[in-house]
>>> print(open('target.txt').read())   # compact mmCIF, C-alpha atoms and all ligand atoms
# COMPACT_ATOMS: atom_id res chain seq x y z
CA MET A 1202 86.70 38.97 87.65
CA LEU A 1203 83.27 39.09 86.03
CA GLN A 1204 82.01 35.93 84.42
CA ILE A 1205 80.25 36.57 81.14
CA LEU A 1206 78.25 33.64 79.78
CA GLU A 1207 77.43 33.24 76.09
CA ASN A 1208 74.20 31.96 74.55
CA SER A 1209 72.61 31.52 77.93
CA SER A 1210 69.04 30.29 78.47
CA LEU A 1211 66.78 32.79 80.22
CA GLN A 1212 64.09 30.26 81.11
CA ASN A 1213 64.92 30.35 84.82
CA PHE A 1214 65.22 34.13 84.83
CA ASN A 1215 61.70 35.11 83.79
CA THR A 1216 58.59 34.10 85.71
CA PHE A 1217 56.70 33.40 82.46
CA GLY A 1218 59.26 30.61 81.99
CA ILE A 1219 59.85 31.56 78.34
CA ASP A 1220 62.78 29.71 76.83
CA ALA A 1221 64.52 32.68 75.22
CA TYR A 1222 68.30 33.05 74.94
CA ALA A 1223 70.68 35.86 75.79
CA ARG A 1224 73.70 36.44 73.57
CA PHE A 1225 75.62 37.37 76.75
CA PHE A 1226 74.71 37.09 80.42
CA VAL A 1227 76.41 38.46 83.52
CA GLU A 1228 75.59 38.40 87.22
CA ILE A 1229 76.31 41.49 89.32
CA ASN A 1230 77.10 40.69 92.94
CA HIS A 1231 78.71 43.95 94.12
CA GLN A 1232 78.48 47.61 93.22
CA ASP A 1233 82.07 47.44 91.96
CA ASP A 1234 81.03 44.85 89.36
CA LEU A 1235 79.00 47.56 87.62
CA VAL A 1236 82.04 49.83 87.40
CA GLU A 1237 84.17 46.97 86.09
CA LEU A 1238 81.58 45.95 83.50
CA PHE A 1239 80.91 49.37 82.05
CA SER A 1240 84.57 50.43 82.12
CA ASP A 1241 85.03 47.98 79.28
CA PRO A 1242 84.02 49.68 76.00
CA GLN A 1243 82.83 46.36 74.56
CA TRP A 1244 80.05 46.15 77.15
CA LYS A 1245 79.35 49.86 77.31
CA ARG A 1246 78.51 49.83 73.59
CA MET A 1247 76.35 46.73 73.69
CA PRO A 1248 72.52 46.78 74.06
CA TYR A 1249 71.76 45.56 77.54
CA LEU A 1250 68.83 44.66 79.74
CA VAL A 1251 68.89 44.68 83.53
CA ILE A 1252 66.79 42.03 85.21
CA GLY A 1253 65.87 41.38 88.82
CA GLY A 1254 63.35 38.63 89.52
CA GLY A 1255 62.23 38.62 85.86
CA SER A 1256 58.65 38.92 87.08
CA ASN A 1257 57.53 41.71 84.81
CA LEU A 1258 59.05 40.68 81.48
CA LEU A 1259 57.83 38.94 78.37
CA PHE A 1260 60.54 37.72 75.99
CA THR A 1261 59.05 37.54 72.50
CA GLN A 1262 62.46 36.85 70.98
CA ASN A 1263 66.05 36.05 71.95
CA PHE A 1264 68.02 38.95 73.40
CA GLU A 1265 70.93 39.84 71.13
CA GLY A 1266 72.82 41.79 73.76
CA LEU A 1267 73.92 41.54 77.39
CA ILE A 1268 71.54 40.52 80.16
CA ILE A 1269 72.62 41.95 83.50
CA LYS A 1270 71.18 39.94 86.37
CA MET A 1271 71.24 41.99 89.58
CA ASN A 1272 72.31 39.91 92.52
CA ILE A 1273 73.54 42.49 95.05
CA ARG A 1274 72.40 41.19 98.45
CA GLY A 1275 72.19 42.45 102.02
CA ILE A 1276 69.57 43.99 104.28
CA GLU A 1277 70.36 46.43 107.10
CA HIS A 1278 68.28 48.66 109.32
CA ARG A 1279 68.71 51.61 111.64
CA ILE A 1280 66.09 52.52 114.25
CA ASN A 1281 65.62 56.14 115.25
CA HIS A 1282 62.76 56.57 117.75
CA GLU A 1283 59.65 55.42 115.87
CA GLN A 1284 61.30 55.41 112.49
CA VAL A 1285 63.26 52.61 110.90
CA MET A 1286 65.41 53.07 107.85
CA VAL A 1287 65.76 49.75 106.06
CA GLU A 1288 68.29 49.46 103.24
CA ALA A 1289 68.42 46.47 100.90
CA GLY A 1290 70.57 45.43 97.96
CA ALA A 1291 68.85 45.54 94.57
CA GLY A 1292 69.17 41.79 94.15
CA GLU A 1293 67.31 40.87 97.34
CA VAL A 1294 64.10 38.99 96.73
CA TRP A 1295 61.26 41.39 97.52
CA HIS A 1296 59.35 39.00 99.76
CA ASP A 1297 62.52 38.23 101.78
CA LEU A 1298 62.67 41.92 102.59
CA VAL A 1299 59.00 41.87 103.59
CA LYS A 1300 59.66 38.90 105.92
CA TYR A 1301 62.72 40.66 107.42
CA CYS A 1302 60.53 43.67 108.26
CA VAL A 1303 57.43 41.78 109.40
CA ASN A 1304 59.50 39.55 111.73
CA ARG A 1305 61.03 42.61 113.39
CA GLY A 1306 57.74 44.50 113.70
CA PHE A 1307 58.67 47.15 111.12
CA CYS A 1308 55.44 48.47 109.65
CA GLY A 1309 54.88 49.74 106.10
CA ILE A 1310 55.31 46.97 103.52
CA GLU A 1311 53.22 44.13 104.98
CA ASN A 1312 50.48 44.82 102.37
CA LEU A 1313 53.09 44.13 99.69
CA SER A 1314 53.69 40.56 100.89
CA LEU A 1315 54.41 37.90 98.30
CA ILE A 1316 54.82 40.24 95.32
CA PRO A 1317 57.26 38.42 93.04
CA GLY A 1318 60.38 40.28 92.00
CA SER A 1319 63.36 42.06 93.44
CA VAL A 1320 64.10 45.08 95.62
CA GLY A 1321 65.80 46.90 92.73
CA ALA A 1322 62.66 46.76 90.61
CA SER A 1323 60.38 48.04 93.36
CA PRO A 1324 60.86 51.78 92.73
CA ILE A 1325 61.15 51.43 88.93
CA GLN A 1326 57.70 49.93 88.74
CA ASN A 1327 56.39 51.65 91.90
CA ILE A 1328 55.01 48.25 92.87
CA GLY A 1329 51.72 48.30 94.69
CA ALA A 1330 49.01 46.11 96.12
CA TYR A 1331 46.20 46.24 98.66
CA GLY A 1332 46.26 49.97 99.22
CA ILE A 1333 50.04 50.57 99.41
CA GLU A 1334 52.60 51.58 96.81
CA ILE A 1335 56.36 51.78 97.19
CA LYS A 1336 56.15 55.55 96.93
CA ASP A 1337 54.44 55.55 100.36
CA VAL A 1338 57.56 54.16 102.08
CA PHE A 1339 60.39 54.98 99.67
CA HIS A 1340 63.19 57.11 101.12
CA SER A 1341 65.92 57.00 98.46
CA CYS A 1342 67.90 54.69 96.23
CA THR A 1343 71.46 54.46 94.99
CA ALA A 1344 71.82 54.10 91.24
CA PHE A 1345 74.79 53.67 88.94
CA GLU A 1346 75.01 56.11 86.07
CA ILE A 1347 76.30 54.18 83.09
CA GLU A 1348 77.67 57.16 81.19
CA SER A 1349 79.77 58.59 84.05
CA LEU A 1350 80.42 55.31 85.96
CA GLN A 1351 79.33 57.16 89.13
CA PHE A 1352 76.80 56.25 91.81
CA LYS A 1353 74.08 58.79 92.52
CA THR A 1354 71.38 59.08 95.20
CA PHE A 1355 67.77 59.58 94.10
CA TYR A 1356 65.38 60.93 96.73
CA HIS A 1357 61.60 60.64 96.64
CA GLN A 1358 61.07 63.89 94.76
CA ASP A 1359 63.56 62.83 92.06
CA CYS A 1360 61.66 59.66 91.19
CA GLU A 1361 58.42 61.07 89.70
CA PHE A 1362 56.37 58.17 91.00
CA GLY A 1363 53.01 57.40 89.38
CA TYR A 1364 50.78 54.35 89.05
CA ARG A 1365 53.32 51.61 88.10
CA GLU A 1366 55.56 54.44 86.84
CA SER A 1367 58.72 56.28 87.81
CA VAL A 1368 61.44 58.37 86.24
CA PHE A 1369 63.44 55.13 85.77
CA LYS A 1370 60.80 53.87 83.31
CA GLY A 1371 60.42 57.33 81.81
CA LYS A 1372 63.03 59.88 80.87
CA LEU A 1373 65.94 58.11 82.63
CA LYS A 1374 65.19 54.72 81.10
CA GLY A 1375 68.43 52.89 80.26
CA LYS A 1376 70.65 55.47 81.95
CA TYR A 1377 70.85 54.19 85.53
CA ILE A 1378 71.01 50.84 87.31
CA ILE A 1379 69.61 50.76 90.84
CA SER A 1380 72.01 49.07 93.26
CA SER A 1381 70.23 49.55 96.60
CA VAL A 1382 67.03 51.01 98.02
CA LYS A 1383 66.19 52.64 101.38
CA TYR A 1384 62.70 52.44 102.82
CA GLN A 1385 61.33 54.52 105.68
CA LEU A 1386 59.27 52.25 107.90
CA SER A 1387 57.85 52.58 111.39
CA THR A 1388 58.13 50.67 114.66
CA GLN A 1389 54.58 51.87 115.38
CA GLN A 1390 51.77 49.75 114.05
CA ARG A 1391 49.97 51.92 111.49
CA LEU A 1392 48.16 49.36 109.40
CA LYS A 1393 46.35 50.06 106.16
CA LEU A 1394 43.27 47.88 106.18
CA ASP A 1395 40.85 49.73 103.87
CA TYR A 1396 41.08 47.27 100.99
CA GLY A 1397 37.87 45.21 100.92
CA ALA A 1398 39.55 41.85 100.47
CA ILE A 1399 41.77 42.44 103.55
CA LYS A 1400 38.78 43.41 105.71
CA ASP A 1401 36.82 40.36 104.55
CA GLU A 1402 39.67 37.92 105.14
CA LEU A 1403 40.43 39.35 108.62
CA SER A 1404 36.81 39.08 109.65
CA SER A 1405 36.46 35.55 108.31
CA ARG A 1406 39.47 34.65 110.47
CA GLY A 1407 37.84 36.40 113.46
CA ILE A 1408 40.73 38.85 113.84
CA ALA A 1409 39.49 42.19 115.18
CA HIS A 1410 42.88 43.71 116.13
CA PRO A 1411 45.40 42.49 113.59
CA SER A 1412 49.15 42.61 114.00
CA ILE A 1413 51.62 43.38 111.20
CA LYS A 1414 52.15 39.64 110.86
CA ASP A 1415 48.39 39.00 110.59
CA VAL A 1416 48.15 41.48 107.72
CA SER A 1417 51.09 39.90 105.95
CA GLU A 1418 49.51 36.45 106.33
CA VAL A 1419 46.10 37.63 105.17
CA VAL A 1420 47.53 39.38 102.09
CA SER A 1421 49.58 36.29 101.28
CA ALA A 1422 46.47 34.10 101.55
CA ILE A 1423 44.48 36.42 99.26
CA ARG A 1424 47.28 36.39 96.68
CA VAL A 1425 47.69 32.62 96.81
CA ALA A 1426 43.94 32.16 96.29
CA LYS A 1427 43.74 34.59 93.37
CA LEU A 1428 47.06 34.47 91.59
CA PRO A 1429 48.92 31.53 90.06
CA ASP A 1430 52.28 30.64 91.63
CA PRO A 1431 54.94 31.39 88.98
CA SER A 1432 57.03 28.42 90.14
CA THR A 1433 54.32 26.10 88.82
CA ILE A 1434 52.41 28.19 86.26
CA GLY A 1435 54.38 30.81 84.37
CA ASN A 1436 52.97 34.32 84.67
CA ALA A 1437 53.97 37.91 85.34
CA GLY A 1438 51.17 39.05 87.64
CA SER A 1439 48.85 41.65 86.14
CA PHE A 1440 49.61 41.76 82.44
CA PHE A 1441 47.79 45.07 81.88
CA LYS A 1442 47.40 48.23 83.91
CA ASN A 1443 44.04 49.23 85.27
CA PRO A 1444 42.96 52.01 82.89
CA VAL A 1445 42.28 55.47 84.28
CA ILE A 1446 39.71 57.50 82.33
CA SER A 1447 38.12 60.92 82.81
CA THR A 1448 34.88 61.29 84.77
CA ALA A 1449 33.07 62.43 81.61
CA GLU A 1450 34.26 59.42 79.65
CA PHE A 1451 33.25 57.15 82.53
CA GLN A 1452 29.75 58.60 82.72
CA LYS A 1453 29.26 57.84 79.05
CA VAL A 1454 30.41 54.22 79.21
CA GLN A 1455 28.63 53.64 82.55
CA GLN A 1456 25.27 54.39 80.89
CA GLN A 1457 25.73 51.31 78.77
CA PHE A 1458 27.40 49.21 81.50
CA PRO A 1459 25.97 50.39 84.83
CA GLU A 1460 27.61 47.58 86.80
CA MET A 1461 31.14 48.49 85.65
CA VAL A 1462 33.65 48.08 88.53
CA HIS A 1463 35.39 51.41 89.17
CA PHE A 1464 37.31 53.40 91.78
CA ILE A 1465 37.68 57.16 92.13
CA VAL A 1466 41.33 58.24 91.98
CA PRO A 1467 42.85 61.75 92.00
CA ASP A 1468 43.19 61.92 88.21
CA GLY A 1469 39.84 60.39 87.22
CA ILE A 1470 38.17 56.99 87.41
CA LYS A 1471 40.19 53.79 87.59
CA LEU A 1472 38.55 50.76 85.98
CA ALA A 1473 39.29 47.14 86.84
CA ALA A 1474 40.99 45.69 83.76
CA GLY A 1475 40.28 42.19 85.14
CA TRP A 1476 36.55 42.94 85.08
CA LEU A 1477 36.67 44.35 81.53
CA ILE A 1478 38.55 41.26 80.32
CA GLU A 1479 36.18 38.90 82.13
CA GLN A 1480 33.16 40.65 80.56
CA CYS A 1481 34.65 39.94 77.14
CA GLY A 1482 34.55 36.23 77.97
CA TRP A 1483 38.29 35.68 78.43
CA LYS A 1484 38.44 34.61 82.07
CA GLY A 1485 39.98 31.17 82.46
CA LYS A 1486 40.10 30.67 78.69
CA VAL A 1487 42.88 28.41 77.39
CA VAL A 1488 44.29 29.37 73.99
CA GLY A 1489 46.95 26.93 72.80
CA HIS A 1490 49.70 26.90 75.43
CA THR A 1491 48.52 30.12 76.99
CA GLY A 1492 45.40 31.72 78.44
CA THR A 1493 44.08 33.88 81.27
CA TRP A 1494 44.02 32.74 84.88
CA LYS A 1495 40.79 31.16 86.10
CA ASN A 1496 40.61 33.32 89.24
CA GLN A 1497 41.96 36.59 87.83
CA ALA A 1498 41.48 37.47 84.17
CA LEU A 1499 44.15 40.19 84.32
CA VAL A 1500 46.84 37.53 84.62
CA LEU A 1501 48.05 35.82 81.44
CA VAL A 1502 49.63 32.42 81.97
CA ASN A 1503 51.96 29.97 80.31
CA HIS A 1504 50.31 26.56 80.58
CA GLY A 1505 53.61 24.97 79.49
CA ASN A 1506 55.84 25.49 76.44
CA ALA A 1507 54.19 28.73 75.39
CA THR A 1508 56.34 31.08 73.37
CA GLY A 1509 56.52 34.77 74.14
CA SER A 1510 54.91 35.50 70.77
CA GLU A 1511 51.90 33.33 71.62
CA ILE A 1512 51.36 35.22 74.85
CA PHE A 1513 51.84 38.53 73.05
CA GLU A 1514 49.31 37.45 70.39
CA LEU A 1515 46.74 36.61 73.09
CA SER A 1516 47.32 40.01 74.71
CA GLN A 1517 46.64 41.68 71.34
CA GLN A 1518 43.35 39.82 71.01
CA ILE A 1519 42.34 40.83 74.53
CA ILE A 1520 43.18 44.49 73.86
CA GLN A 1521 41.15 44.28 70.66
CA SER A 1522 38.04 42.81 72.27
CA VAL A 1523 38.07 45.21 75.26
CA LYS A 1524 38.44 48.06 72.77
CA SER A 1525 35.51 46.95 70.65
CA LYS A 1526 33.17 46.19 73.57
CA PHE A 1527 33.97 49.17 75.82
CA GLY A 1528 35.95 51.60 73.64
CA ILE A 1529 38.75 51.43 76.22
CA GLU A 1530 42.38 50.83 75.30
CA LEU A 1531 44.25 48.53 77.71
CA GLU A 1532 47.93 49.25 78.24
CA ARG A 1533 50.42 46.49 79.06
CA GLU A 1534 52.10 46.60 82.46
CA VAL A 1535 54.58 43.90 81.51
CA ASN A 1536 57.72 44.93 79.60
CA LEU A 1537 57.92 43.41 76.14
CA ILE A 1538 61.37 42.37 74.97
N1 LIG A 1601 37.81 41.55 88.77
C1 LIG A 1601 36.90 40.87 87.99
N2 LIG A 1601 37.34 39.80 87.26
C2 LIG A 1601 38.62 39.39 87.28
C3 LIG A 1601 39.56 40.09 88.08
C4 LIG A 1601 39.13 41.18 88.82
O1 LIG A 1601 35.73 41.20 87.94
O2 LIG A 1601 38.93 38.40 86.61
C5 LIG A 1601 37.34 42.68 89.61
C6 LIG A 1601 37.34 42.25 91.08
O3 LIG A 1601 36.15 41.63 91.42
C7 LIG A 1601 37.52 43.57 91.79
C8 LIG A 1601 38.37 44.38 90.82
O4 LIG A 1601 38.26 43.74 89.57
O5 LIG A 1601 36.29 44.21 91.94
C9 LIG A 1601 39.81 44.49 91.27
O6 LIG A 1601 40.39 43.18 91.35
P1 LIG A 1601 41.63 42.84 92.33
O7 LIG A 1601 41.34 43.30 93.71
O8 LIG A 1601 41.98 41.42 92.10
O9 LIG A 1601 42.79 43.76 91.85
P2 LIG A 1601 43.28 44.21 90.38
O10 LIG A 1601 42.84 45.63 90.18
O11 LIG A 1601 42.87 43.22 89.37
C10 LIG A 1601 45.48 45.29 91.25
C11 LIG A 1601 46.94 45.23 90.91
C12 LIG A 1601 47.58 43.98 91.49
C13 LIG A 1601 47.38 43.98 92.99
C14 LIG A 1601 45.88 44.06 93.30
C15 LIG A 1601 45.60 44.20 94.76
C16 LIG A 1601 47.22 46.40 88.80
C17 LIG A 1601 47.45 46.28 87.34
N3 LIG A 1601 47.11 45.26 89.47
O12 LIG A 1601 44.86 44.19 90.58
O13 LIG A 1601 48.96 44.04 91.20
O14 LIG A 1601 47.92 42.81 93.58
O15 LIG A 1601 45.31 45.23 92.64
O16 LIG A 1601 45.90 45.49 95.19
O17 LIG A 1601 47.17 47.51 89.31
C18 LIG A 1601 50.56 43.42 89.56
O18 LIG A 1601 50.74 44.62 89.36
O19 LIG A 1601 51.21 42.54 88.94
C19 LIG A 1601 49.56 43.00 90.52
C20 LIG A 1601 49.27 41.72 90.73
>>> encode(input="target.txt", output="C-alpha cells")
Amino acid sequence: MLQILENSSLQNFNTFGIDAYARFFVEINHQDDLVELFSDPQWKRMPYLVIGGGSNLLFTQNFEGLIIKMNIRGIEHRINHEQVMVEAGAGEVWHDLVKYCVNRGFCGIENLSLIPGSVGASPIQNIGAYGIEIKDVFHSCTAFEIESLQFKTFYHQDCEFGYRESVFKGKLKGKYIISSVKYQLSTQQRLKLDYGAIKDELSSRGIAHPSIKDVSEVVSAIRVAKLPDPSTIGNAGSFFKNPVISTAEFQKVQQQFPEMVHFIVPDGIKLAAGWLIEQCGWKGKVVGHTGTWKNQALVLVNHGNATGSEIFELSQQIIQSVKSKFGIELEREVNLI
C-alpha cells in the first residue's frame, strides 16, 4: 500500500536545502508502485514532479501537486569477456554506483565520482564531468509510461543525448519515469585522463600509471577542493550551462577579451560560464543569504535560510551582467520549480 504524505517539507529532498512544501509526497520503492500510483485517477490527473537526489532543482515556491521520490534500489552486474553490463535501480545514489564499479575494477564511470544525485537522473541530464558523459557508457534504461501504465526500454539511439540534454528533458518530458538504467562498462582499464585538472593532480601525487581507483580518488579530491559539499552548504552544482557559440561569434568577442577561456567542441566554441561570471565580479560574492561559491563562480549557494526566490533573483542578476559585459546569454542548468 502506497503511503501518501500531505503538506510535506522538501527541505531534506533538495540539495539547495530550500524549505518548500509539497501538497502530496510519495516514495516509490518498487516498479509496481508506479503502476499502483498511476492506476488511481486521482493521482494520474494531478501535476507531479519526480525527484531523485534533488541535486538539480530550485524550488521557488511550494509544489501544489504530488512529489514522487524515486527510491528503487539494487545494483547487479553481468560480465561477458571484457564487457560488464551494470544495472542499477533509479533510486540508487549515483556515487554508490560509482563505488560499486570502482571497487570491482569496472572501468567507465570513475571520472564521474562524487557527482551528487541519483542513477535515474543520470540519463535525463546526461551528467558529465572530467571528460566523460553518461552517453559514453549508457546502454539502455527502463521507463514507465504514465499514459499506458507500461514499462518500455529506451536504447542509446532513442535518448537523443546532448550536452546536459536528452529526450527525457525534451519532447518526452513528463511522459516517462525512469525506473532502472543499464551501463556498459569494461573490465579493461581504459582511462580517460585528458582533462587538465586530472593530469595535474595525478602528477602532484607522483602517480604515473594510475588505476581506476586512483582516478576516482583524484576526481573526488578535485571536486571536494572546488565545489561546496551540499550537506553543509546548500547548492546544486553548476547553476548554468557552459554556453556554446559559433566560431564567428567567438572571434568577435575574443577581439575584445583575448584571454577568454574556451574549448573547441563539435558544434562551435564552448565558453566557461564560471570564467564569464568571475570576470563580472561575482566570484565568492555574498548577497543576503545567497551568493556564488568562492572557488567556483558557476555554483550558487545557500548560505543558510535562503529562499528559492532569492537564489533565482541572484541568478537573474548574473545573467544580466554577463549579457551586458559579453553579449552572451547564460542558460540555467538547474530546473526551476
Ligand atoms: N573558471 C574560472 N572561474 C570560475 C570557475 C571556472 O575562471 O569561478 C574557469 C576555470 O579556470 C577553467 C574553466 O573555467 O578554465 C572550466 O572550469 P571547471 O574545470 O571547474 O569546469 P566547469 O566548466 O566550470 C564543468 C561542468 C561541471 C563538471 C566540470 C568538470 C557544466 C555546466 N559544468 O564545469 O559539472 O564537474 O566541468 O568536468 O558543464 C554540474 O553540471 O553540476 C557540474 C558540476
>>> residues_near_ligand(input="target.txt", ligand="ligand LIG 1601 (chain A)", cutoff="6 Å", atoms="only C-alpha atoms and all ligand atoms", output="short mmCIF file (atom, residue, chain, number, x, y, z; two decimals) with C-alpha atoms, in the coordinates of the input")
data_model
loop_
_atom_site.label_atom_id
_atom_site.label_comp_id
_atom_site.auth_asym_id
_atom_site.auth_seq_id
_atom_site.Cartn_x
_atom_site.Cartn_y
_atom_site.Cartn_z
CA ALA A 1330 49.01 46.11 96.12
CA TYR A 1331 46.20 46.24 98.66
CA GLY A 1438 51.17 39.05 87.64
CA SER A 1439 48.85 41.65 86.14
CA PHE A 1441 47.79 45.07 81.88
CA LYS A 1442 47.40 48.23 83.91
CA ASN A 1443 44.04 49.23 85.27
CA VAL A 1462 33.65 48.08 88.53
CA ALA A 1473 39.29 47.14 86.84
CA GLY A 1475 40.28 42.19 85.14
CA TRP A 1476 36.55 42.94 85.08
CA GLU A 1479 36.18 38.90 82.13
CA LYS A 1484 38.44 34.61 82.07
CA ASN A 1496 40.61 33.32 89.24
CA GLN A 1497 41.96 36.59 87.83
CA ALA A 1498 41.48 37.47 84.17
CA LEU A 1499 44.15 40.19 84.32
#
>>> atom_distance(input="target.txt", atom1="atom CA of Lys1486 of chain A", atom2="atom CA of Met1461 of chain A")
21.1 Å
>>> atom_distance(input="target.txt", atom1="atom CA of Ile1413 of chain A", atom2="atom CA of Ile1325 of chain A")
25.5 Å
>>> closest_residue(input="target.txt", among="A:Tyr1356, A:Tyr1301, A:Phe1307, A:Trp1494", to="Leu1392 of chain A", atoms="all atoms listed in the file")
A:Phe1307
>>> closest_residue(input="target.txt", among="A:Glu1348, A:Glu1277, A:Asp1468, A:Asp1415", to="Trp1244 of chain A", atoms="all atoms listed in the file")
A:Glu1348
>>> residues_around(input="target.txt", residues="Gly1321 of chain A", least_positions_apart="3", cutoff="8 Å", atoms="all atoms listed in the file", output="PyMOL selection string")
chain A and resi 1253+1271+1290-1293+1324-1325+1379-1382
>>> closest_residue(input="target.txt", among="A:Glu1311, A:Gly1332, A:Glu1534, A:Met1202", to="Tyr1396 of chain A", atoms="only C-alpha atoms")
A:Gly1332
>>> closest_residue(input="target.txt", among="A:Gly1492, A:Pro1248, A:Gly1218, A:Gly1397", to="Val1420 of chain A", atoms="only C-alpha atoms")
A:Gly1397
>>> closest_residue(input="target.txt", among="A:His1504, A:Gln1284, A:Ile1446, A:Gly1266", to="Gln1390 of chain A", atoms="all atoms listed in the file")
A:Gln1284
>>> atom_distance(input="target.txt", atom1="atom CA of Phe1362 of chain A", atom2="atom CA of Ala1289 of chain A")
19.5 Å
>>> residues_near_point(input="target.txt", point="(72.7, 45.4, 79.6)", cutoff="12 Å", atoms="only C-alpha atoms", output="ChimeraX atom specification")
/A:1205,1223-1229,1235,1238-1239,1243-1252,1264-1271,1347,1375-1378
>>> residues_around(input="target.txt", residues="Glu1361 of chain A", least_positions_apart="4", cutoff="12 Å", atoms="all atoms listed in the file", output="PDB file with C-alpha atoms, keeping the file's coordinate frame")
ATOM      1  CA  PRO A1324      60.860  51.780  92.730  1.00  0.00           C
ATOM      2  CA  ILE A1325      61.150  51.430  88.930  1.00  0.00           C
ATOM      3  CA  GLN A1326      57.700  49.930  88.740  1.00  0.00           C
ATOM      4  CA  ASN A1327      56.390  51.650  91.900  1.00  0.00           C
ATOM      5  CA  LYS A1336      56.150  55.550  96.930  1.00  0.00           C
ATOM      6  CA  PHE A1339      60.390  54.980  99.670  1.00  0.00           C
ATOM      7  CA  PHE A1355      67.770  59.580  94.100  1.00  0.00           C
ATOM      8  CA  TYR A1356      65.380  60.930  96.730  1.00  0.00           C
ATOM      9  CA  HIS A1357      61.600  60.640  96.640  1.00  0.00           C
ATOM     10  CA  ARG A1365      53.320  51.610  88.100  1.00  0.00           C
ATOM     11  CA  GLU A1366      55.560  54.440  86.840  1.00  0.00           C
ATOM     12  CA  SER A1367      58.720  56.280  87.810  1.00  0.00           C
ATOM     13  CA  VAL A1368      61.440  58.370  86.240  1.00  0.00           C
ATOM     14  CA  PHE A1369      63.440  55.130  85.770  1.00  0.00           C
ATOM     15  CA  LYS A1370      60.800  53.870  83.310  1.00  0.00           C
ATOM     16  CA  GLY A1371      60.420  57.330  81.810  1.00  0.00           C
ATOM     17  CA  LYS A1372      63.030  59.880  80.870  1.00  0.00           C
ATOM     18  CA  LEU A1373      65.940  58.110  82.630  1.00  0.00           C
TER      19      LEU A1373
END
>>> closest_residue(input="target.txt", among="A:His1231, A:Thr1354, A:Asp1220, A:Pro1431", to="Gln1262 of chain A", atoms="only C-alpha atoms")
A:Asp1220
>>> residues_near_point(input="target.txt", point="(60.7, 33.0, 74.9)", cutoff="10 Å", atoms="all atoms listed in the file", output="list in words")
Ser1210, Leu1211, Gln1212, Asn1215, Phe1217, Gly1218, Ile1219, Asp1220, Ala1221, Tyr1222, Leu1259, Phe1260, Thr1261, Gln1262, Asn1263, Phe1264, Asn1506, Ala1507, Thr1508, Gly1509, Ser1510, Glu1511, Ile1512 and Ile1538 of chain A
>>> axis_aligned_box(input="target.txt", around="segment 1401-1415 of chain A", padding_each_side="3 Å", output="AutoDock Vina command-line options")
--center_x 44.3 --center_y 39.2 --center_z 110.3 --size_x 21.7 --size_y 15.1 --size_z 17.6
>>> decode(input="target.txt", residues="segment 1335-1378 of chain A", atoms="C-alpha atoms", output="PDB file, in the first residue's frame")
ATOM      1  CA  ILE A1335      26.737   9.258 -19.365  1.00  0.00           C
ATOM      2  CA  LYS A1336      26.120   8.886 -23.077  1.00  0.00           C
ATOM      3  CA  ASP A1337      29.620   7.343 -23.354  1.00  0.00           C
ATOM      4  CA  VAL A1338      28.638   4.347 -21.185  1.00  0.00           C
ATOM      5  CA  PHE A1339      24.840   4.269 -21.392  1.00  0.00           C
ATOM      6  CA  HIS A1340      23.352   1.032 -22.730  1.00  0.00           C
ATOM      7  CA  SER A1341      19.610   1.376 -22.066  1.00  0.00           C
ATOM      8  CA  CYS A1342      17.053   2.263 -19.443  1.00  0.00           C
ATOM      9  CA  THR A1343      13.636   1.038 -18.403  1.00  0.00           C
ATOM     10  CA  ALA A1344      10.994   3.727 -18.116  1.00  0.00           C
ATOM     11  CA  PHE A1345       7.364   3.705 -17.067  1.00  0.00           C
ATOM     12  CA  GLU A1346       4.954   5.303 -19.495  1.00  0.00           C
ATOM     13  CA  ILE A1347       2.363   7.122 -17.435  1.00  0.00           C
ATOM     14  CA  GLU A1348      -0.359   7.160 -20.065  1.00  0.00           C
ATOM     15  CA  SER A1349      -0.291   3.417 -20.833  1.00  0.00           C
ATOM     16  CA  LEU A1350       0.976   2.171 -17.423  1.00  0.00           C
ATOM     17  CA  GLN A1351       3.553   0.090 -19.351  1.00  0.00           C
ATOM     18  CA  PHE A1352       7.314  -0.199 -18.974  1.00  0.00           C
ATOM     19  CA  LYS A1353       9.398   0.477 -22.066  1.00  0.00           C
ATOM     20  CA  THR A1354      13.103   0.071 -22.900  1.00  0.00           C
ATOM     21  CA  PHE A1355      14.993   3.059 -24.295  1.00  0.00           C
ATOM     22  CA  TYR A1356      18.263   2.294 -26.077  1.00  0.00           C
ATOM     23  CA  HIS A1357      21.068   4.771 -26.713  1.00  0.00           C
ATOM     24  CA  GLN A1358      19.727   5.928 -30.068  1.00  0.00           C
ATOM     25  CA  ASP A1359      16.290   6.626 -28.541  1.00  0.00           C
ATOM     26  CA  CYS A1360      17.645   9.061 -25.963  1.00  0.00           C
ATOM     27  CA  GLU A1361      18.873  11.948 -28.161  1.00  0.00           C
ATOM     28  CA  PHE A1362      21.701  12.780 -25.793  1.00  0.00           C
ATOM     29  CA  GLY A1363      23.274  16.238 -25.923  1.00  0.00           C
ATOM     30  CA  TYR A1364      25.206  18.438 -23.518  1.00  0.00           C
ATOM     31  CA  ARG A1365      23.134  18.086 -20.282  1.00  0.00           C
ATOM     32  CA  GLU A1366      20.199  17.133 -22.535  1.00  0.00           C
ATOM     33  CA  SER A1367      18.181  14.087 -23.525  1.00  0.00           C
ATOM     34  CA  VAL A1368      14.804  13.196 -24.955  1.00  0.00           C
ATOM     35  CA  PHE A1369      13.525  12.914 -21.351  1.00  0.00           C
ATOM     36  CA  LYS A1370      14.099  16.658 -20.858  1.00  0.00           C
ATOM     37  CA  GLY A1371      12.857  17.398 -24.365  1.00  0.00           C
ATOM     38  CA  LYS A1372       9.904  16.011 -26.239  1.00  0.00           C
ATOM     39  CA  LEU A1373       9.162  13.194 -23.757  1.00  0.00           C
ATOM     40  CA  LYS A1374       9.267  15.448 -20.708  1.00  0.00           C
ATOM     41  CA  GLY A1375       6.598  14.414 -18.191  1.00  0.00           C
ATOM     42  CA  LYS A1376       5.629  11.266 -20.083  1.00  0.00           C
ATOM     43  CA  TYR A1377       8.004   8.653 -18.662  1.00  0.00           C
ATOM     44  CA  ILE A1378       9.573   7.826 -15.306  1.00  0.00           C
TER      45      ILE A1378
END
